[in-house]
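Below is entry-v8.txt, holding compact mmCIF, N, CA and C atoms and all ligand atoms.
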```txt
# COMPACT_ATOMS: atom_id res chain seq x y z
N MET A 1 59.07 -37.14 22.89
CA MET A 1 58.04 -36.37 23.60
C MET A 1 57.48 -35.32 22.65
N LYS A 2 56.16 -35.21 22.66
CA LYS A 2 55.52 -34.21 21.80
C LYS A 2 54.59 -33.36 22.65
N GLU A 3 54.60 -32.04 22.38
CA GLU A 3 53.70 -31.14 23.10
C GLU A 3 52.51 -30.82 22.23
N LEU A 4 51.33 -30.86 22.81
CA LEU A 4 50.14 -30.45 22.07
C LEU A 4 49.12 -29.84 22.99
N THR A 5 48.24 -29.06 22.40
CA THR A 5 47.19 -28.38 23.16
C THR A 5 45.87 -29.11 22.94
N CYS A 6 45.23 -29.45 24.03
CA CYS A 6 43.95 -30.14 23.94
C CYS A 6 42.88 -29.18 23.42
N ILE A 7 42.08 -29.64 22.45
CA ILE A 7 41.02 -28.80 21.88
C ILE A 7 39.63 -29.34 22.22
N ARG A 8 39.58 -30.22 23.21
CA ARG A 8 38.29 -30.81 23.56
C ARG A 8 37.40 -29.89 24.41
N CYS A 9 38.01 -28.85 25.03
CA CYS A 9 37.19 -27.86 25.75
C CYS A 9 37.98 -26.55 25.79
N PRO A 10 37.34 -25.45 26.19
CA PRO A 10 38.01 -24.14 26.13
C PRO A 10 39.20 -23.98 27.07
N MET A 11 39.41 -24.89 28.01
CA MET A 11 40.55 -24.73 28.92
C MET A 11 41.89 -24.82 28.18
N GLY A 12 41.93 -25.58 27.12
CA GLY A 12 43.14 -25.66 26.30
C GLY A 12 44.38 -26.13 27.04
N CYS A 13 44.27 -27.20 27.78
CA CYS A 13 45.42 -27.72 28.53
C CYS A 13 46.58 -28.05 27.58
N VAL A 14 47.77 -27.64 27.98
CA VAL A 14 48.97 -27.98 27.21
C VAL A 14 49.51 -29.29 27.78
N MET A 15 49.65 -30.28 26.90
CA MET A 15 50.00 -31.63 27.35
C MET A 15 51.29 -32.07 26.68
N ASN A 16 51.91 -33.02 27.31
CA ASN A 16 53.04 -33.72 26.71
C ASN A 16 52.68 -35.18 26.60
N ILE A 17 53.06 -35.77 25.46
CA ILE A 17 52.79 -37.19 25.26
C ILE A 17 54.08 -37.87 24.81
N GLU A 18 54.32 -39.02 25.40
CA GLU A 18 55.52 -39.77 25.08
C GLU A 18 55.13 -41.23 24.85
N GLU A 19 55.71 -41.82 23.82
CA GLU A 19 55.45 -43.21 23.49
C GLU A 19 56.67 -44.06 23.82
N LYS A 20 56.45 -45.13 24.51
CA LYS A 20 57.54 -46.06 24.82
C LYS A 20 56.99 -47.47 24.71
N ASN A 21 57.56 -48.26 23.82
CA ASN A 21 57.14 -49.65 23.62
C ASN A 21 55.64 -49.77 23.39
N GLY A 22 55.09 -48.84 22.62
CA GLY A 22 53.68 -48.90 22.29
C GLY A 22 52.75 -48.38 23.37
N GLU A 23 53.30 -47.94 24.50
CA GLU A 23 52.48 -47.38 25.58
C GLU A 23 52.64 -45.85 25.58
N TYR A 24 51.55 -45.14 25.81
CA TYR A 24 51.59 -43.69 25.80
C TYR A 24 51.46 -43.14 27.22
N THR A 25 52.33 -42.18 27.53
CA THR A 25 52.25 -41.47 28.80
C THR A 25 51.89 -40.03 28.51
N VAL A 26 50.79 -39.57 29.11
CA VAL A 26 50.31 -38.21 28.86
C VAL A 26 50.38 -37.43 30.18
N THR A 27 50.94 -36.23 30.12
CA THR A 27 50.97 -35.36 31.30
C THR A 27 50.42 -33.99 30.89
N GLY A 28 49.91 -33.26 31.86
CA GLY A 28 49.41 -31.90 31.62
C GLY A 28 47.92 -31.85 31.39
N ASN A 29 47.30 -33.00 31.20
CA ASN A 29 45.84 -33.02 30.99
C ASN A 29 45.14 -32.88 32.34
N THR A 30 44.01 -32.15 32.31
CA THR A 30 43.24 -31.95 33.53
C THR A 30 42.18 -33.03 33.71
N CYS A 31 41.80 -33.67 32.60
CA CYS A 31 40.76 -34.70 32.69
C CYS A 31 41.07 -35.82 31.69
N PRO A 32 40.35 -36.95 31.79
CA PRO A 32 40.64 -38.09 30.90
C PRO A 32 40.44 -37.79 29.42
N ARG A 33 39.59 -36.81 29.11
CA ARG A 33 39.36 -36.50 27.69
C ARG A 33 40.64 -36.00 27.03
N GLY A 34 41.47 -35.33 27.80
CA GLY A 34 42.74 -34.85 27.26
C GLY A 34 43.65 -36.00 26.88
N LYS A 35 43.73 -37.00 27.73
CA LYS A 35 44.56 -38.17 27.43
C LYS A 35 44.06 -38.87 26.17
N GLU A 36 42.74 -39.03 26.10
CA GLU A 36 42.13 -39.67 24.92
C GLU A 36 42.46 -38.87 23.65
N TYR A 37 42.36 -37.53 23.75
CA TYR A 37 42.66 -36.69 22.59
C TYR A 37 44.13 -36.82 22.19
N ALA A 38 45.03 -36.78 23.18
CA ALA A 38 46.47 -36.84 22.89
C ALA A 38 46.82 -38.16 22.20
N ILE A 39 46.26 -39.25 22.68
CA ILE A 39 46.56 -40.55 22.07
C ILE A 39 45.98 -40.63 20.66
N SER A 40 44.78 -40.09 20.47
CA SER A 40 44.20 -40.13 19.12
C SER A 40 45.01 -39.26 18.17
N GLU A 41 45.57 -38.15 18.67
CA GLU A 41 46.41 -37.31 17.80
C GLU A 41 47.68 -38.04 17.38
N MET A 42 48.17 -38.91 18.22
CA MET A 42 49.38 -39.68 17.90
C MET A 42 49.07 -40.86 16.99
N THR A 43 47.91 -41.48 17.16
CA THR A 43 47.63 -42.73 16.46
C THR A 43 46.73 -42.56 15.24
N ASP A 44 45.71 -41.71 15.34
CA ASP A 44 44.78 -41.53 14.22
C ASP A 44 44.16 -40.13 14.31
N PRO A 45 44.94 -39.10 13.97
CA PRO A 45 44.42 -37.73 14.10
C PRO A 45 43.32 -37.46 13.08
N VAL A 46 42.13 -37.13 13.57
CA VAL A 46 41.00 -36.91 12.67
C VAL A 46 40.46 -35.50 12.80
N ARG A 47 39.82 -35.05 11.75
CA ARG A 47 39.22 -33.71 11.71
C ARG A 47 37.92 -33.76 10.91
N THR A 48 36.99 -32.87 11.25
CA THR A 48 35.89 -32.57 10.33
C THR A 48 36.20 -31.18 9.77
N PHE A 49 35.84 -30.92 8.56
CA PHE A 49 36.14 -29.62 7.98
C PHE A 49 35.20 -29.37 6.82
N SER A 50 35.18 -28.11 6.38
CA SER A 50 34.34 -27.74 5.24
C SER A 50 35.17 -27.00 4.20
N VAL A 51 34.69 -27.07 2.97
CA VAL A 51 35.33 -26.40 1.84
C VAL A 51 34.21 -25.86 0.95
N SER A 52 34.58 -25.12 -0.08
CA SER A 52 33.59 -24.60 -1.03
C SER A 52 33.68 -25.35 -2.34
N VAL A 53 32.52 -25.49 -2.98
CA VAL A 53 32.45 -26.11 -4.31
C VAL A 53 31.72 -25.14 -5.24
N ARG A 54 32.24 -24.99 -6.45
CA ARG A 54 31.63 -24.07 -7.40
C ARG A 54 30.25 -24.57 -7.85
N VAL A 55 29.37 -23.60 -8.15
CA VAL A 55 28.03 -23.90 -8.63
C VAL A 55 27.78 -23.05 -9.86
N LYS A 56 27.30 -23.69 -10.93
CA LYS A 56 26.95 -22.90 -12.12
C LYS A 56 25.43 -22.79 -12.25
N GLY A 57 25.01 -21.65 -12.78
CA GLY A 57 23.59 -21.41 -13.01
C GLY A 57 22.79 -21.10 -11.76
N GLY A 58 23.48 -20.69 -10.69
CA GLY A 58 22.77 -20.41 -9.45
C GLY A 58 22.83 -18.96 -9.04
N ASP A 59 22.10 -18.64 -7.96
CA ASP A 59 22.12 -17.26 -7.46
C ASP A 59 23.41 -16.96 -6.69
N ARG A 60 24.22 -17.97 -6.48
CA ARG A 60 25.56 -17.82 -5.90
C ARG A 60 26.51 -18.72 -6.68
N GLY A 61 27.75 -18.35 -6.67
CA GLY A 61 28.73 -19.08 -7.46
C GLY A 61 29.37 -20.26 -6.76
N ALA A 62 29.06 -20.44 -5.46
CA ALA A 62 29.69 -21.53 -4.72
C ALA A 62 28.80 -21.91 -3.54
N VAL A 63 29.02 -23.11 -3.03
CA VAL A 63 28.30 -23.57 -1.85
C VAL A 63 29.29 -24.26 -0.91
N ALA A 64 29.07 -24.07 0.38
CA ALA A 64 29.93 -24.73 1.37
C ALA A 64 29.51 -26.19 1.50
N VAL A 65 30.48 -27.06 1.59
CA VAL A 65 30.23 -28.49 1.81
C VAL A 65 31.12 -28.96 2.95
N ARG A 66 30.73 -30.05 3.58
CA ARG A 66 31.55 -30.60 4.65
C ARG A 66 31.60 -32.11 4.53
N VAL A 67 32.61 -32.69 5.18
CA VAL A 67 32.66 -34.15 5.23
C VAL A 67 31.61 -34.62 6.23
N ASP A 68 31.04 -35.78 5.99
CA ASP A 68 29.94 -36.26 6.84
C ASP A 68 30.43 -37.01 8.07
N ARG A 69 31.77 -37.14 8.21
CA ARG A 69 32.34 -37.80 9.39
C ARG A 69 33.79 -37.34 9.53
N PRO A 70 34.35 -37.45 10.72
CA PRO A 70 35.76 -37.08 10.87
C PRO A 70 36.64 -37.96 9.99
N VAL A 71 37.64 -37.33 9.38
CA VAL A 71 38.58 -38.07 8.53
C VAL A 71 40.00 -37.84 9.05
N ASN A 72 40.86 -38.79 8.76
CA ASN A 72 42.26 -38.64 9.12
C ASN A 72 42.82 -37.37 8.46
N LYS A 73 43.69 -36.66 9.18
CA LYS A 73 44.23 -35.39 8.68
C LYS A 73 44.89 -35.54 7.31
N LYS A 74 45.40 -36.73 7.01
CA LYS A 74 46.09 -36.90 5.72
C LYS A 74 45.15 -36.73 4.53
N TYR A 75 43.83 -36.81 4.77
CA TYR A 75 42.88 -36.68 3.67
C TYR A 75 42.44 -35.23 3.43
N ILE A 76 42.81 -34.30 4.30
CA ILE A 76 42.30 -32.94 4.17
C ILE A 76 42.70 -32.32 2.83
N LEU A 77 43.98 -32.37 2.49
CA LEU A 77 44.41 -31.76 1.22
C LEU A 77 43.83 -32.49 0.01
N PRO A 78 43.86 -33.85 -0.04
CA PRO A 78 43.24 -34.52 -1.19
C PRO A 78 41.75 -34.21 -1.34
N ILE A 79 41.04 -34.09 -0.22
CA ILE A 79 39.61 -33.76 -0.32
C ILE A 79 39.43 -32.33 -0.81
N ALA A 80 40.23 -31.40 -0.29
CA ALA A 80 40.13 -30.02 -0.75
C ALA A 80 40.43 -29.92 -2.24
N LYS A 81 41.43 -30.68 -2.69
CA LYS A 81 41.78 -30.68 -4.12
C LYS A 81 40.62 -31.25 -4.95
N ALA A 82 40.02 -32.33 -4.48
CA ALA A 82 38.89 -32.92 -5.20
C ALA A 82 37.73 -31.93 -5.28
N ALA A 83 37.49 -31.23 -4.17
CA ALA A 83 36.38 -30.26 -4.14
C ALA A 83 36.63 -29.11 -5.11
N ARG A 84 37.90 -28.70 -5.24
CA ARG A 84 38.23 -27.61 -6.18
C ARG A 84 37.91 -28.01 -7.61
N GLY A 85 37.95 -29.30 -7.90
CA GLY A 85 37.68 -29.75 -9.27
C GLY A 85 36.21 -30.02 -9.55
N MET A 86 35.37 -29.84 -8.57
CA MET A 86 33.94 -30.13 -8.76
C MET A 86 33.18 -28.88 -9.17
N VAL A 87 32.15 -29.07 -10.00
CA VAL A 87 31.23 -27.99 -10.35
C VAL A 87 29.82 -28.56 -10.29
N LEU A 88 29.00 -27.98 -9.43
CA LEU A 88 27.61 -28.41 -9.31
C LEU A 88 26.74 -27.53 -10.19
N THR A 89 25.56 -28.02 -10.51
CA THR A 89 24.60 -27.23 -11.28
C THR A 89 23.39 -26.95 -10.41
N ALA A 90 22.99 -25.68 -10.32
CA ALA A 90 21.82 -25.30 -9.53
C ALA A 90 20.56 -25.92 -10.15
N PRO A 91 19.56 -26.26 -9.35
CA PRO A 91 19.48 -26.02 -7.91
C PRO A 91 20.30 -27.04 -7.10
N VAL A 92 20.79 -26.57 -5.96
CA VAL A 92 21.49 -27.42 -5.02
C VAL A 92 20.71 -27.37 -3.70
N GLU A 93 20.43 -28.53 -3.16
CA GLU A 93 19.68 -28.60 -1.91
C GLU A 93 20.62 -28.67 -0.70
N GLN A 94 20.17 -28.15 0.42
CA GLN A 94 20.93 -28.28 1.67
C GLN A 94 20.93 -29.75 2.09
N GLY A 95 22.08 -30.25 2.47
CA GLY A 95 22.18 -31.65 2.90
C GLY A 95 22.32 -32.62 1.75
N GLN A 96 22.53 -32.11 0.55
CA GLN A 96 22.68 -32.96 -0.62
C GLN A 96 24.06 -33.63 -0.61
N LYS A 97 24.07 -34.93 -0.86
CA LYS A 97 25.35 -35.64 -0.95
C LYS A 97 25.89 -35.44 -2.36
N ILE A 98 27.08 -34.86 -2.45
CA ILE A 98 27.61 -34.55 -3.78
C ILE A 98 28.79 -35.45 -4.16
N ALA A 99 29.36 -36.18 -3.21
CA ALA A 99 30.45 -37.09 -3.53
C ALA A 99 30.52 -38.17 -2.47
N LYS A 100 30.71 -39.40 -2.91
CA LYS A 100 30.85 -40.53 -1.97
C LYS A 100 32.31 -40.90 -1.87
N ASN A 101 32.73 -41.26 -0.68
CA ASN A 101 34.09 -41.74 -0.43
C ASN A 101 35.10 -40.82 -1.12
N VAL A 102 34.97 -39.54 -0.84
CA VAL A 102 35.78 -38.55 -1.55
C VAL A 102 37.27 -38.75 -1.24
N ALA A 103 38.05 -38.80 -2.30
CA ALA A 103 39.51 -38.99 -2.23
C ALA A 103 39.90 -40.25 -1.46
N GLY A 104 38.99 -41.23 -1.45
CA GLY A 104 39.29 -42.50 -0.77
C GLY A 104 39.31 -42.39 0.74
N SER A 105 38.70 -41.33 1.27
CA SER A 105 38.74 -41.09 2.73
C SER A 105 37.70 -41.88 3.50
N GLY A 106 36.71 -42.41 2.79
CA GLY A 106 35.61 -43.07 3.46
C GLY A 106 34.48 -42.12 3.82
N ALA A 107 34.69 -40.82 3.62
CA ALA A 107 33.67 -39.82 3.95
C ALA A 107 32.99 -39.34 2.67
N ASP A 108 31.75 -38.89 2.85
CA ASP A 108 31.01 -38.28 1.75
C ASP A 108 31.02 -36.77 1.94
N LEU A 109 30.78 -36.04 0.86
CA LEU A 109 30.66 -34.58 0.95
C LEU A 109 29.19 -34.20 0.91
N ILE A 110 28.79 -33.35 1.87
CA ILE A 110 27.40 -32.94 2.03
C ILE A 110 27.33 -31.41 1.96
N THR A 111 26.34 -30.90 1.23
CA THR A 111 26.20 -29.44 1.14
C THR A 111 25.64 -28.87 2.43
N LEU A 112 26.10 -27.66 2.78
CA LEU A 112 25.64 -27.00 4.00
C LEU A 112 24.56 -25.97 3.74
N ASP A 113 24.30 -25.70 2.47
CA ASP A 113 23.32 -24.65 2.14
C ASP A 113 22.67 -24.99 0.82
N LYS A 114 21.69 -24.20 0.45
CA LYS A 114 21.04 -24.43 -0.85
C LYS A 114 21.44 -23.29 -1.80
N VAL A 115 21.39 -23.61 -3.08
CA VAL A 115 21.63 -22.59 -4.12
C VAL A 115 20.46 -22.68 -5.09
N ARG A 116 19.77 -21.55 -5.26
CA ARG A 116 18.63 -21.52 -6.16
C ARG A 116 19.10 -21.25 -7.60
N PRO A 117 18.30 -21.70 -8.57
CA PRO A 117 18.66 -21.36 -9.95
C PRO A 117 18.56 -19.86 -10.16
N GLN A 118 19.36 -19.34 -11.07
CA GLN A 118 19.35 -17.91 -11.32
C GLN A 118 18.17 -17.49 -12.15
S1 LIG A 201 42.36 -32.04 29.18
FE1 LIG A 201 40.21 -31.93 29.79
S2 LIG A 201 40.07 -29.94 30.85
FE2 LIG A 201 41.96 -29.89 29.65
S3 LIG A 201 41.37 -28.94 27.67
FE3 LIG A 201 41.22 -31.18 27.45
S4 LIG A 201 39.07 -31.64 27.88
FE4 LIG A 201 39.50 -29.61 28.70
```

Please go through the file and, once you have read it, give me the structure as structure tokens.
Ligand code: SF4
Amino acid sequence: MKELTCIRCPMGCVMNIEEKNGEYTVTGNTCPRGKEYAISEMTDPVRTFSVSVRVKGGDRGAVAVRVDRPVNKKYILPIAKAARGMVLTAPVEQGQKIAKNVAGSGADLITLDKVRPQ
């Protein structure tokens, strides 16, 4: 049995999920979205997230980037590590794709802002 808090809405229902013979039993959820979330957390927990990437020759030294789709939690650290090793050169456009299939996650990295040349 595992306890987790649903993050699909602000109610934050505390749920318990138990797996038996490949079947999941969820309790504590107020609506079906909670059950769906609990099962996805057990089988394929995914997240979207953003990190910073260094920029040289710009009016700022870094730009925020995000993955273009939810990725399994196991890719968060490898993607963050890959992003730490990247250096972009200004100008950088908002929405620019800077890496494809980053860290083998299947997701691309997209810039969230622009950086002008200095
Ligand atoms: S179970 Fe439903 S009501 Fe409860 S936090 Fe999740 S989405 Fe909201």

Please, which residues of chain A, numbered as in this document, come out strand (DSSP E) from DSSP, as a count of residues only? 42

Just the number, please: distance in Å from atom N of Arg33 (chain A) to atom N of Met11 (chain A), one decimal.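 Separation between atom N of Arg33 (chain A) and atom N of Met11 (chain A): 12.0 Å.
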
Env. residues ligand LIG 201 (chain A) / 6 Å / only C-alpha atoms and all ligand atoms / as a PyMOL selection string: chain A and resi 6-9+11-13+29-31+33-34

What lies within 10 Å of Ile76 (chain A) using only C-alpha atoms, ignoring chain neighbours under 5 positions off, as a PyMOL selection string? chain A and resi 46-51+67+71+81-82+103+105

Provide the atom N of Pro70 (chain A) to CA of Gln96 (chain A) distance in Å, to one decimal place.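 CA of Gln96 (chain A) lies 16.9 Å from atom N of Pro70 (chain A).
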
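The set of protein, DNA and RNA residues with any counted atom at most 8 Å from (30.3, -27.1, -5.6) (only N, CA and C atoms) reads Val51, Ser52, Val53, Arg54, Val55, Lys56, Gly61, Ala62, Val63, Ala64, Val65, Ala83, Arg84, Gly85, Met86, Val87, Leu88 and Thr89 of chain A.
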